[in-house]
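Take a look at the structure set out below.
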Amino acid sequence: MKQITIDPITRLEGHGKIEIFCNDDGEVENVYFQVPELRGFETFCVGRPVEELSQIVTKICGVCPGCHHMASGKAADAVYGVKPTPTAKKLRELFYMAHFVHSHIAHFYALAAPDFVVGPTASPAERNILGVIGKVGKEVGTEVIKQRRIAQEIQALLGGHQTHVVMNLPGGVRKGLKEDERKDIVEKAKGFIEFSKFSLQIFNDVVLKNNEYVDLILNGPYSLKIHSMGLVDENNKVNFYDGKVRVVDTEGKELYKYAPNEYMEYVAERVEPWSYLKFPYLKKIGWKGFVDGQDSGVYQATPLSRLNAADGMATPLAQEEYEKMYKTLGGKPVHATLAMHWARLVELLYASERCLELAQDKEITSKDLRAPLTNIPKEGVGIVEAQRGTLTHHYWTDEKGIVTKVNIIVGTTNNNAAICMSLKKAAQGIIKKGVEVTEGVLNMVEMAFRAYDPCFSCATHSLPGKMPLIVNFRNSQGDIIRTLKRDSN
Amino acid sequence: MHVNKLLILGIGNEILTDDSIGIRIINDIKNQLKSIKADFKTACTGGLEILEIICNYKNVIIVDAIKTVDGIPGQVYLLTPEFFKETSNISSFHDVSFLEAFELGKMLEMDVPKNIHIIAIEIIEDLIFSNSLSPVIENKYNEILDEVINIISTLI
């Protein structure tokens with residue numbers, strides 16, 4: 001063992017960086033955001049029984065294992081052509097609502113709130129969750145940890161483990177819910193609702209009552225007019241677990257509504273030589289480049305796009321907040337990237353209310369946990385809304401259910417083009433001739449993609465702490481004239 | 001407070017080639033170090049998640065993978081919070097870094113550990129899915145394991 005000075009490198013270095021190309025006047029001409037890609041997951045899955053995949057996919061990363069578990073479970077249902085029992089479906093959705101609660105709480109308080117509560121150009125030493133707690137009080141911090149932990153405990157109870165979930169089987173779930181456990185979740189869900197309302201109140205007080213922030217959201221360089229995607233129920237209300245994928249255009253008009261097994265007719269993926277991640281786009285429109293507008297094939301799948309793509313929320317309090325959001329921001333659809341933070345809080349409230357609805361449903365304690373498998377397995381698609389966007393799992397098997405091929409489109413990948421375009425727009429709007437590129441300026445650019453809650457963990461595994469940014473500024477000849485590097489710690 | 005005041009925690013992704021080394025080491029040493037009064041646990045992500053795991057322990061030893069500039073594969077490092085370096089899984093991109101989580105725990109008067117040591121193992125491959133270590137790390141695994149056990153012995 002040697003005690004020496006070491007210089008850790010991250011998975012981003014060498015691959016992941018923002019390249020900003022400036023012209024002769026020092027203004028931004030183009031921006032590229034590159035991330036590395038993990039390799040071989042599909043190969044890793046081939047040759048395994050399809051029912052194993054829902055457990056394996058939770059290990060792609062530790063950030064949204066529940067989403068992969070649910071999409072995988074639904075894909076396995078489809079492979080066997082089986083419909084889960086009503087109780088199994090409710091248990092899955094209950095687990096999933098808890099997953100959304102814990103994830104959205106973490107994102108708002110750890111990643112979004114620092115920019116607004118502490119300030120977008122504040123010192124990085126203060127612009128973090130510690131700075132947020134310092135401003136809003138320790139009681140709030142304690143509540144953040146508590147509510148997040150409770151949501152994790154519900155997932156562990158239903159899923160067998162909060163991260164390495166073992167809940168789903170084709171046609172159902174492994175384990176039921178006892179009556180005393182159901183009653184306990186009812187009380188916990190009431191706590192989620194109160195905390196969601198409190199979080200929306202913080203957003204109202206800190207962001208909406210600050211004209212500078214409202215102006216930044218509505219008129220800053222953070223707007224991107226592209227199509228919106230999201231899963232909706234039979235009433236076109238937002239649904240995270242089930243339904244059809246709905247796409248609305250830049251004016252909010254429905255373009256498509258399709259079942260999960262039709263996704264390949266509507267979504268195609270493009271490869272760019274400078275990126276390791278693919279760029280999905282709307283197939284029927286086609287790839288028109290990194291451009292926004294009605295004729296572009298670029299779409300986004302985010303909390304904001306889910307609200308744009310739906311006609312409303314399926315629970316009453318979330319619906320009130322939904323209406324307030326669109327009224328405040330000038331009607332549907334909203335294209336202000338930073339409004340994603342508000343949309344995420346509306347979703348937090350919806351997930352909390354839905355959690356309560358499901359826990360109050362007495363059928364959820366039924367022992368009818370699994371439907372029989374009677375069909376020969378073949379091929380199936382499962383789609384859910386992950387926190388970061390529409391998540392698609394597509395499996396092919398032989399007649400014994402052994403996996404022969406896998407295709408996964410993860411939430412963040414949907415937004416790859418949109419993130420690149422948002423970054424370019426933010427950089428062009430913020431970095432002007434004569435503007436000193438400080439840490440604060442860098443953060444203002446970074447805010448453009450942080451709003452997407454990007455998780456490249458499905459592609460890059462866990463990254464350390466805050467995104468370790470490497471930004472290269474290049475002149476019109478392509479030479480690097482300055483590099484800004486911010487380590488995660 | 002837990003019955004055992006010492007937690008030995010391995011973190012990593014068990015299907016991401018060398019990234020799994022912290023998990024594998026914990027699974028091996030919990031049998032070899034049965035006489036030690038410690039809890040042996042594994043986890044796959046850091047940040048707020050790890051804060052909840054380490055709270056209520058007095059002493060914590062974390063075993064994780066690391067990649068460093070010009071690092072020698074299989075090299076074992078002992079890190080303390082004073083000389084903290086980001087290992088592969090100790091922080092979470094989705095919420096907070098390990099140091100932020102630790103400071104948050106102190107700020108909220110949670111029962112955070114008095115002593116934290118991080119044992120980091122220099123790895124080669126963490127971008128390819130595989131439930132095997134890379135050949136170089138696999139060949140050195142027994143040496144690595146012995147060194148980790150020696151370090152733990154000096155810490156308890």
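Numbering starts fresh at 1 for the residues of each chain in the structure tokens, the chains themselves are lettered A, B, ... in the order given, and ligands are numbered from 1 as they appear.
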Go through stretch 311-368 of chain A and flag each residue having an atom no more than 12 Å from stretch 158-161 of chain A; for those, report the closest pair of atoms plus their distance in Å to one decimal, using only C-alpha atoms, ordered by chain and rising number, as JSON lines.
{"residue": "A:Ala359", "atom": "CA", "partner": "A:Leu158", "partner_atom": "CA", "distance": 11.9}
{"residue": "A:Ile364", "atom": "CA", "partner": "A:Leu158", "partner_atom": "CA", "distance": 11.5}
{"residue": "A:Thr365", "atom": "CA", "partner": "A:Leu158", "partner_atom": "CA", "distance": 11.7}
Selection file, N, CA and C atoms, as a tab-separated table (two decimals), in the first residue's frame:
chain	number	residue	atom	x	y	z
A	359	ALA	N	-52.82	3.20	-2.23
A	359	ALA	CA	-52.75	2.60	-0.90
A	359	ALA	C	-54.13	2.51	-0.25
A	364	ILE	N	-55.68	-3.76	-3.37
A	364	ILE	CA	-54.22	-3.87	-3.45
A	364	ILE	C	-53.67	-4.93	-2.49
A	365	THR	N	-54.47	-5.35	-1.50
A	365	THR	CA	-54.01	-6.40	-0.60
A	365	THR	C	-54.52	-7.79	-1.02
Extract the full set of helix (DSSP H, G or I) residues from stretch 17-174 of chain A according to DSSP on the backbone, and format it as a ChimeraX atom specification. /A:41-45,50-59,65-80,86-118,129-136,138-159
Find the residues near A:Glu42: any atom within 12 Å, counting only C-alpha atoms, skip ones fewer than 4 places away on the same chain, and give them as a ChimeraX atom specification. /A:38,46-48,53,56-57,60,393-396,403-409 /B:128-130
Once you count only C-alpha atoms, which residues of chain B turn out to be within 8 Å of chain A? Could you give them as a PyMOL selection string? chain B and resi 13-15+44-45+47+66-69+75-78+85-100+103-104+107-108+127-130+147
Out of B:Asp18, B:Leu145, B:Leu48, B:Asp64, which residue has the shortest atom-to-atom distance to B:Lys30 when counting only C-alpha atoms?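 Among B:Asp18, B:Leu145, B:Leu48, B:Asp64, it is B:Leu145 that comes nearest to B:Lys30.
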All residues 10 Å or closer to A:Ser476, only C-alpha atoms, same chain fewer than 3 positions away omitted, as an MDAnalysis selection string: chainID A and resid 21:29 479:480
Excluding B:Asn59 and residues on its chain fewer than 3 positions from it, collect all residues at most 12 Å away from it, counting only C-alpha atoms, and give them as a list in words.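 With the cut-off at 12 Å, the set is Met1, His2, Asn4, Lys5, Leu6, Leu7, Ile8, Leu9, Lys37, Ala38, Asp39, Ile54, Cys55, Asn56, Ile62, Thr80, Asp111, Val112, Pro113, Lys114, Asn115, Ile116, His117, Ile118, Ile152, Leu155 and Ile156 of chain B.
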Smallest atom-to-atom distance to B:Ile119: which of B:Ile53, B:Val63, B:Ile36, B:Ile29, using only C-alpha atoms?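 For B:Ile119, the nearest of the given residues is B:Val63.
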Please compute the atom CA of B:Pro81-atom CA of B:Glu125 distance, one decimal, in Å.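 Atom CA of B:Pro81 sits 25.6 Å away from atom CA of B:Glu125.
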Give me, as an mmCIF file with all heavy atoms, in the first residue's frame, the residues of stretch 192-339 of chain A that a backbone DSSP run labels strand (DSSP E or B).
data_model
loop_
_atom_site.group_PDB
_atom_site.id
_atom_site.type_symbol
_atom_site.label_atom_id
_atom_site.label_comp_id
_atom_site.auth_asym_id
_atom_site.auth_seq_id
_atom_site.Cartn_x
_atom_site.Cartn_y
_atom_site.Cartn_z
ATOM 1 N N SER A 223 -35.064 28.735 -23.895
ATOM 2 C CA SER A 223 -36.297 28.278 -24.521
ATOM 3 C C SER A 223 -35.985 27.437 -25.757
ATOM 4 O O SER A 223 -35.076 27.759 -26.521
ATOM 5 C CB SER A 223 -37.147 29.504 -24.906
ATOM 6 O OG SER A 223 -38.305 29.084 -25.572
ATOM 7 N N HIS A 227 -41.090 19.448 -30.226
ATOM 8 C CA HIS A 227 -42.257 18.621 -29.926
ATOM 9 C C HIS A 227 -42.117 17.975 -28.540
ATOM 10 O O HIS A 227 -41.010 17.831 -28.027
ATOM 11 C CB HIS A 227 -42.425 17.557 -31.003
ATOM 12 C CG HIS A 227 -42.374 18.111 -32.399
ATOM 13 N ND1 HIS A 227 -43.266 19.050 -32.858
ATOM 14 C CD2 HIS A 227 -41.507 17.881 -33.424
ATOM 15 C CE1 HIS A 227 -42.968 19.367 -34.108
ATOM 16 N NE2 HIS A 227 -41.898 18.673 -34.476
ATOM 17 N N SER A 228 -43.259 17.588 -27.994
ATOM 18 C CA SER A 228 -43.280 17.047 -26.624
ATOM 19 C C SER A 228 -43.832 15.629 -26.616
ATOM 20 O O SER A 228 -44.842 15.347 -27.262
ATOM 21 C CB SER A 228 -44.163 17.919 -25.726
ATOM 22 O OG SER A 228 -43.645 19.230 -25.628
ATOM 23 N N MET A 229 -43.185 14.765 -25.822
ATOM 24 C CA MET A 229 -43.602 13.360 -25.716
ATOM 25 C C MET A 229 -43.929 13.015 -24.270
ATOM 26 O O MET A 229 -43.284 13.513 -23.346
ATOM 27 C CB MET A 229 -42.470 12.452 -26.208
ATOM 28 C CG MET A 229 -42.733 10.962 -26.047
ATOM 29 S SD MET A 229 -41.332 9.956 -26.578
ATOM 30 C CE MET A 229 -41.503 10.026 -28.354
ATOM 31 N N GLY A 230 -44.915 12.141 -24.085
ATOM 32 C CA GLY A 230 -45.226 11.658 -22.742
ATOM 33 C C GLY A 230 -46.265 10.559 -22.782
ATOM 34 O O GLY A 230 -47.052 10.458 -23.728
ATOM 35 N N LEU A 231 -46.254 9.723 -21.741
ATOM 36 C CA LEU A 231 -47.225 8.635 -21.633
ATOM 37 C C LEU A 231 -48.528 9.196 -21.058
ATOM 38 O O LEU A 231 -48.495 9.981 -20.105
ATOM 39 C CB LEU A 231 -46.646 7.579 -20.683
ATOM 40 C CG LEU A 231 -47.016 6.107 -20.830
ATOM 41 C CD1 LEU A 231 -46.738 5.584 -22.229
ATOM 42 C CD2 LEU A 231 -46.214 5.287 -19.812
ATOM 43 N N VAL A 232 -49.660 8.800 -21.646
ATOM 44 C CA VAL A 232 -50.957 9.278 -21.144
ATOM 45 C C VAL A 232 -51.910 8.095 -20.935
ATOM 46 O O VAL A 232 -51.775 7.051 -21.577
ATOM 47 C CB VAL A 232 -51.615 10.292 -22.117
ATOM 48 C CG1 VAL A 232 -50.802 11.577 -22.191
ATOM 49 C CG2 VAL A 232 -51.820 9.688 -23.506
ATOM 50 N N LYS A 237 -54.524 11.885 -19.593
ATOM 51 C CA LYS A 237 -53.891 12.456 -18.414
ATOM 52 C C LYS A 237 -52.512 11.805 -18.227
ATOM 53 O O LYS A 237 -52.290 10.655 -18.630
ATOM 54 C CB LYS A 237 -54.747 12.219 -17.160
ATOM 55 C CG LYS A 237 -56.156 12.808 -17.248
ATOM 56 C CD LYS A 237 -56.118 14.320 -17.253
ATOM 57 C CE LYS A 237 -57.498 14.949 -17.456
ATOM 58 N NZ LYS A 237 -58.401 14.783 -16.327
ATOM 59 N N VAL A 238 -51.614 12.565 -17.595
ATOM 60 C CA VAL A 238 -50.252 12.056 -17.361
ATOM 61 C C VAL A 238 -50.312 10.723 -16.620
ATOM 62 O O VAL A 238 -51.044 10.576 -15.647
ATOM 63 C CB VAL A 238 -49.437 13.067 -16.521
ATOM 64 C CG1 VAL A 238 -48.122 12.440 -16.049
ATOM 65 C CG2 VAL A 238 -49.164 14.336 -17.319
ATOM 66 N N LYS A 244 -50.581 5.009 -23.452
ATOM 67 C CA LYS A 244 -50.013 5.174 -24.791
ATOM 68 C C LYS A 244 -49.066 6.367 -24.807
ATOM 69 O O LYS A 244 -49.229 7.306 -24.011
ATOM 70 C CB LYS A 244 -51.134 5.388 -25.806
ATOM 71 C CG LYS A 244 -51.951 4.122 -26.048
ATOM 72 C CD LYS A 244 -52.917 4.299 -27.195
ATOM 73 C CE LYS A 244 -53.589 2.949 -27.516
ATOM 74 N NZ LYS A 244 -54.518 3.060 -28.644
ATOM 75 N N VAL A 245 -48.137 6.334 -25.735
ATOM 76 C CA VAL A 245 -47.217 7.457 -25.887
ATOM 77 C C VAL A 245 -47.902 8.496 -26.772
ATOM 78 O O VAL A 245 -48.370 8.179 -27.869
ATOM 79 C CB VAL A 245 -45.889 7.014 -26.527
ATOM 80 C CG1 VAL A 245 -44.961 8.215 -26.717
ATOM 81 C CG2 VAL A 245 -45.216 5.945 -25.673
ATOM 82 N N ARG A 246 -47.950 9.719 -26.264
ATOM 83 C CA ARG A 246 -48.579 10.794 -27.034
ATOM 84 C C ARG A 246 -47.514 11.837 -27.366
ATOM 85 O O ARG A 246 -46.701 12.205 -26.502
ATOM 86 C CB ARG A 246 -49.695 11.436 -26.230
ATOM 87 C CG ARG A 246 -50.610 12.351 -27.040
ATOM 88 C CD ARG A 246 -51.634 12.990 -26.123
ATOM 89 N NE ARG A 246 -52.766 13.567 -26.853
ATOM 90 C CZ ARG A 246 -53.505 14.564 -26.389
ATOM 91 N NH1 ARG A 246 -53.255 15.081 -25.193
ATOM 92 N NH2 ARG A 246 -54.499 15.038 -27.096
ATOM 93 N N VAL A 247 -47.534 12.300 -28.592
ATOM 94 C CA VAL A 247 -46.599 13.351 -29.013
ATOM 95 C C VAL A 247 -47.422 14.530 -29.499
ATOM 96 O O VAL A 247 -48.315 14.362 -30.350
ATOM 97 C CB VAL A 247 -45.668 12.864 -30.142
ATOM 98 C CG1 VAL A 247 -44.692 13.969 -30.548
ATOM 99 C CG2 VAL A 247 -44.895 11.620 -29.714
ATOM 100 N N VAL A 248 -47.151 15.713 -28.937
ATOM 101 C CA VAL A 248 -47.823 16.923 -29.434
ATOM 102 C C VAL A 248 -46.776 17.817 -30.100
ATOM 103 O O VAL A 248 -45.590 17.780 -29.755
ATOM 104 C CB VAL A 248 -48.560 17.702 -28.320
ATOM 105 C CG1 VAL A 248 -49.629 16.835 -27.671
ATOM 106 C CG2 VAL A 248 -47.596 18.235 -27.272
ATOM 107 N N GLU A 254 -51.995 17.367 -31.120
ATOM 108 C CA GLU A 254 -51.556 15.970 -31.132
ATOM 109 C C GLU A 254 -51.022 15.571 -32.496
ATOM 110 O O GLU A 254 -51.693 15.727 -33.519
ATOM 111 C CB GLU A 254 -52.720 15.048 -30.742
ATOM 112 C CG GLU A 254 -52.310 13.575 -30.711
ATOM 113 C CD GLU A 254 -53.448 12.658 -30.295
ATOM 114 O OE1 GLU A 254 -53.988 12.842 -29.188
ATOM 115 O OE2 GLU A 254 -53.796 11.763 -31.094
ATOM 116 N N LEU A 255 -49.789 15.045 -32.488
ATOM 117 C CA LEU A 255 -49.195 14.518 -33.714
ATOM 118 C C LEU A 255 -49.449 13.020 -33.823
ATOM 119 O O LEU A 255 -49.880 12.520 -34.847
ATOM 120 C CB LEU A 255 -47.675 14.755 -33.710
ATOM 121 C CG LEU A 255 -47.121 16.099 -34.157
ATOM 122 C CD1 LEU A 255 -45.606 16.116 -33.963
ATOM 123 C CD2 LEU A 255 -47.458 16.371 -35.612
ATOM 124 N N TYR A 256 -49.131 12.314 -32.725
ATOM 125 C CA TYR A 256 -49.271 10.855 -32.724
ATOM 126 C C TYR A 256 -49.704 10.395 -31.349
ATOM 127 O O TYR A 256 -49.425 11.042 -30.344
ATOM 128 C CB TYR A 256 -47.931 10.149 -33.031
ATOM 129 C CG TYR A 256 -47.089 10.800 -34.089
ATOM 130 C CD1 TYR A 256 -45.841 11.338 -33.769
ATOM 131 C CD2 TYR A 256 -47.512 10.866 -35.412
ATOM 132 C CE1 TYR A 256 -45.045 11.942 -34.725
ATOM 133 C CE2 TYR A 256 -46.720 11.468 -36.378
ATOM 134 C CZ TYR A 256 -45.492 12.002 -36.030
ATOM 135 O OH TYR A 256 -44.714 12.598 -36.984
ATOM 136 N N LYS A 257 -50.365 9.263 -31.330
ATOM 137 C CA LYS A 257 -50.605 8.552 -30.071
ATOM 138 C C LYS A 257 -50.485 7.075 -30.404
ATOM 139 O O LYS A 257 -51.244 6.578 -31.235
ATOM 140 C CB LYS A 257 -51.981 8.890 -29.502
ATOM 141 C CG LYS A 257 -52.133 8.429 -28.064
ATOM 142 C CD LYS A 257 -53.233 9.173 -27.335
ATOM 143 C CE LYS A 257 -54.528 8.425 -27.380
ATOM 144 N NZ LYS A 257 -55.558 9.042 -26.517
ATOM 145 N N TYR A 258 -49.515 6.422 -29.789
ATOM 146 C CA TYR A 258 -49.265 5.042 -30.192
ATOM 147 C C TYR A 258 -49.029 4.119 -29.002
ATOM 148 O O TYR A 258 -48.622 4.552 -27.927
ATOM 149 C CB TYR A 258 -48.075 4.971 -31.154
ATOM 150 C CG TYR A 258 -46.771 5.552 -30.642
ATOM 151 C CD1 TYR A 258 -45.882 4.776 -29.903
ATOM 152 C CD2 TYR A 258 -46.418 6.872 -30.907
ATOM 153 C CE1 TYR A 258 -44.680 5.305 -29.449
ATOM 154 C CE2 TYR A 258 -45.222 7.400 -30.456
ATOM 155 C CZ TYR A 258 -44.359 6.612 -29.719
ATOM 156 O OH TYR A 258 -43.178 7.134 -29.269
ATOM 157 N N VAL A 267 -40.340 6.393 -33.736
ATOM 158 C CA VAL A 267 -39.058 6.903 -33.238
ATOM 159 C C VAL A 267 -37.919 6.194 -33.956
ATOM 160 O O VAL A 267 -37.912 4.964 -34.062
ATOM 161 C CB VAL A 267 -38.930 6.692 -31.710
ATOM 162 C CG1 VAL A 267 -37.543 7.099 -31.223
ATOM 163 C CG2 VAL A 267 -40.001 7.490 -30.971
ATOM 164 N N ALA A 268 -36.984 6.974 -34.448
ATOM 165 C CA ALA A 268 -35.772 6.412 -35.042
ATOM 166 C C ALA A 268 -34.570 7.031 -34.334
ATOM 167 O O ALA A 268 -34.702 8.044 -33.636
ATOM 168 C CB ALA A 268 -35.725 6.721 -36.538
ATOM 169 N N GLU A 269 -33.409 6.411 -34.483
ATOM 170 C CA GLU A 269 -32.217 6.912 -33.802
ATOM 171 C C GLU A 269 -31.130 7.235 -34.819
ATOM 172 O O GLU A 269 -30.900 6.475 -35.759
ATOM 173 C CB GLU A 269 -31.697 5.868 -32.811
ATOM 174 C CG GLU A 269 -32.639 5.621 -31.663
ATOM 175 C CD GLU A 269 -32.090 4.597 -30.689
ATOM 176 O OE1 GLU A 269 -32.112 3.406 -31.022
ATOM 177 O OE2 GLU A 269 -31.630 4.996 -29.622
ATOM 178 N N ARG A 270 -30.478 8.359 -34.587
ATOM 179 C CA ARG A 270 -29.434 8.815 -35.492
ATOM 180 C C ARG A 270 -28.085 8.770 -34.778
ATOM 181 O O ARG A 270 -27.994 8.996 -33.568
ATOM 182 C CB ARG A 270 -29.735 10.257 -35.913
ATOM 183 C CG ARG A 270 -28.691 10.885 -36.795
ATOM 184 C CD ARG A 270 -29.056 12.317 -37.149
ATOM 185 N NE ARG A 270 -27.977 12.938 -37.894
ATOM 186 C CZ ARG A 270 -27.738 12.734 -39.178
ATOM 187 N NH1 ARG A 270 -28.508 11.925 -39.858
ATOM 188 N NH2 ARG A 270 -26.735 13.335 -39.788
ATOM 189 N N PHE A 279 -29.064 9.776 -31.181
ATOM 190 C CA PHE A 279 -29.991 10.902 -31.149
ATOM 191 C C PHE A 279 -31.351 10.454 -31.693
ATOM 192 O O PHE A 279 -31.548 10.437 -32.910
ATOM 193 C CB PHE A 279 -29.448 12.060 -32.003
ATOM 194 C CG PHE A 279 -28.188 12.666 -31.462
ATOM 195 C CD1 PHE A 279 -26.949 12.122 -31.782
ATOM 196 C CD2 PHE A 279 -28.238 13.762 -30.614
ATOM 197 C CE1 PHE A 279 -25.785 12.658 -31.271
ATOM 198 C CE2 PHE A 279 -27.076 14.316 -30.101
ATOM 199 C CZ PHE A 279 -25.846 13.764 -30.429
ATOM 200 N N PRO A 280 -32.278 10.076 -30.808
ATOM 201 C CA PRO A 280 -33.609 9.709 -31.293
ATOM 202 C C PRO A 280 -34.332 10.921 -31.886
ATOM 203 O O PRO A 280 -34.095 12.063 -31.480
ATOM 204 C CB PRO A 280 -34.330 9.234 -30.026
ATOM 205 C CG PRO A 280 -33.252 8.915 -29.054
ATOM 206 C CD PRO A 280 -32.148 9.882 -29.366
ATOM 207 N N TYR A 281 -35.207 10.652 -32.851
ATOM 208 C CA TYR A 281 -36.015 11.715 -33.458
ATOM 209 C C TYR A 281 -37.324 11.111 -33.957
ATOM 210 O O TYR A 281 -37.481 9.882 -34.008
ATOM 211 C CB TYR A 281 -35.255 12.399 -34.608
ATOM 212 C CG TYR A 281 -34.897 11.467 -35.744
ATOM 213 C CD1 TYR A 281 -35.701 11.338 -36.869
ATOM 214 C CD2 TYR A 281 -33.731 10.706 -35.692
ATOM 215 C CE1 TYR A 281 -35.374 10.464 -37.909
ATOM 216 C CE2 TYR A 281 -33.393 9.831 -36.715
ATOM 217 C CZ TYR A 281 -34.215 9.721 -37.820
ATOM 218 O OH TYR A 281 -33.889 8.846 -38.827
ATOM 219 N N LEU A 282 -38.260 11.976 -34.313
ATOM 220 C CA LEU A 282 -39.564 11.505 -34.782
ATOM 221 C C LEU A 282 -39.427 11.024 -36.228
ATOM 222 O O LEU A 282 -39.147 11.817 -37.141
ATOM 223 C CB LEU A 282 -40.604 12.618 -34.666
ATOM 224 C CG LEU A 282 -40.860 13.092 -33.225
ATOM 225 C CD1 LEU A 282 -41.800 14.299 -33.217
ATOM 226 C CD2 LEU A 282 -41.411 11.976 -32.347
ATOM 227 N N TYR A 299 -37.541 16.043 -30.530
ATOM 228 C CA TYR A 299 -38.572 16.111 -29.487
ATOM 229 C C TYR A 299 -37.899 16.042 -28.134
ATOM 230 O O TYR A 299 -36.717 15.766 -28.024
ATOM 231 C CB TYR A 299 -39.571 14.955 -29.636
ATOM 232 C CG TYR A 299 -38.976 13.590 -29.368
ATOM 233 C CD1 TYR A 299 -39.045 13.007 -28.101
ATOM 234 C CD2 TYR A 299 -38.329 12.887 -30.380
ATOM 235 C CE1 TYR A 299 -38.489 11.755 -27.862
ATOM 236 C CE2 TYR A 299 -37.779 11.641 -30.153
ATOM 237 C CZ TYR A 299 -37.861 11.071 -28.882
ATOM 238 O OH TYR A 299 -37.304 9.842 -28.650
ATOM 239 N N GLN A 300 -38.673 16.324 -27.115
ATOM 240 C CA GLN A 300 -38.159 16.111 -25.768
ATOM 241 C C GLN A 300 -39.125 15.245 -24.987
ATOM 242 O O GLN A 300 -40.337 15.238 -25.238
ATOM 243 C CB GLN A 300 -37.912 17.424 -25.033
ATOM 244 C CG GLN A 300 -39.131 18.273 -24.794
ATOM 245 C CD GLN A 300 -38.829 19.425 -23.838
ATOM 246 O OE1 GLN A 300 -38.968 19.289 -22.636
ATOM 247 N NE2 GLN A 300 -38.409 20.552 -24.395
ATOM 248 N N GLY A 312 -53.957 16.960 -18.894
ATOM 249 C CA GLY A 312 -54.058 17.325 -17.487
ATOM 250 C C GLY A 312 -53.487 16.242 -16.594
ATOM 251 O O GLY A 312 -52.899 15.269 -17.070
ATOM 252 N N ALA A 336 -40.196 26.716 -22.175
ATOM 253 C CA ALA A 336 -39.134 27.265 -21.326
ATOM 254 C C ALA A 336 -38.454 26.131 -20.568
ATOM 255 O O ALA A 336 -39.068 25.501 -19.699
ATOM 256 C CB ALA A 336 -39.734 28.273 -20.351
#
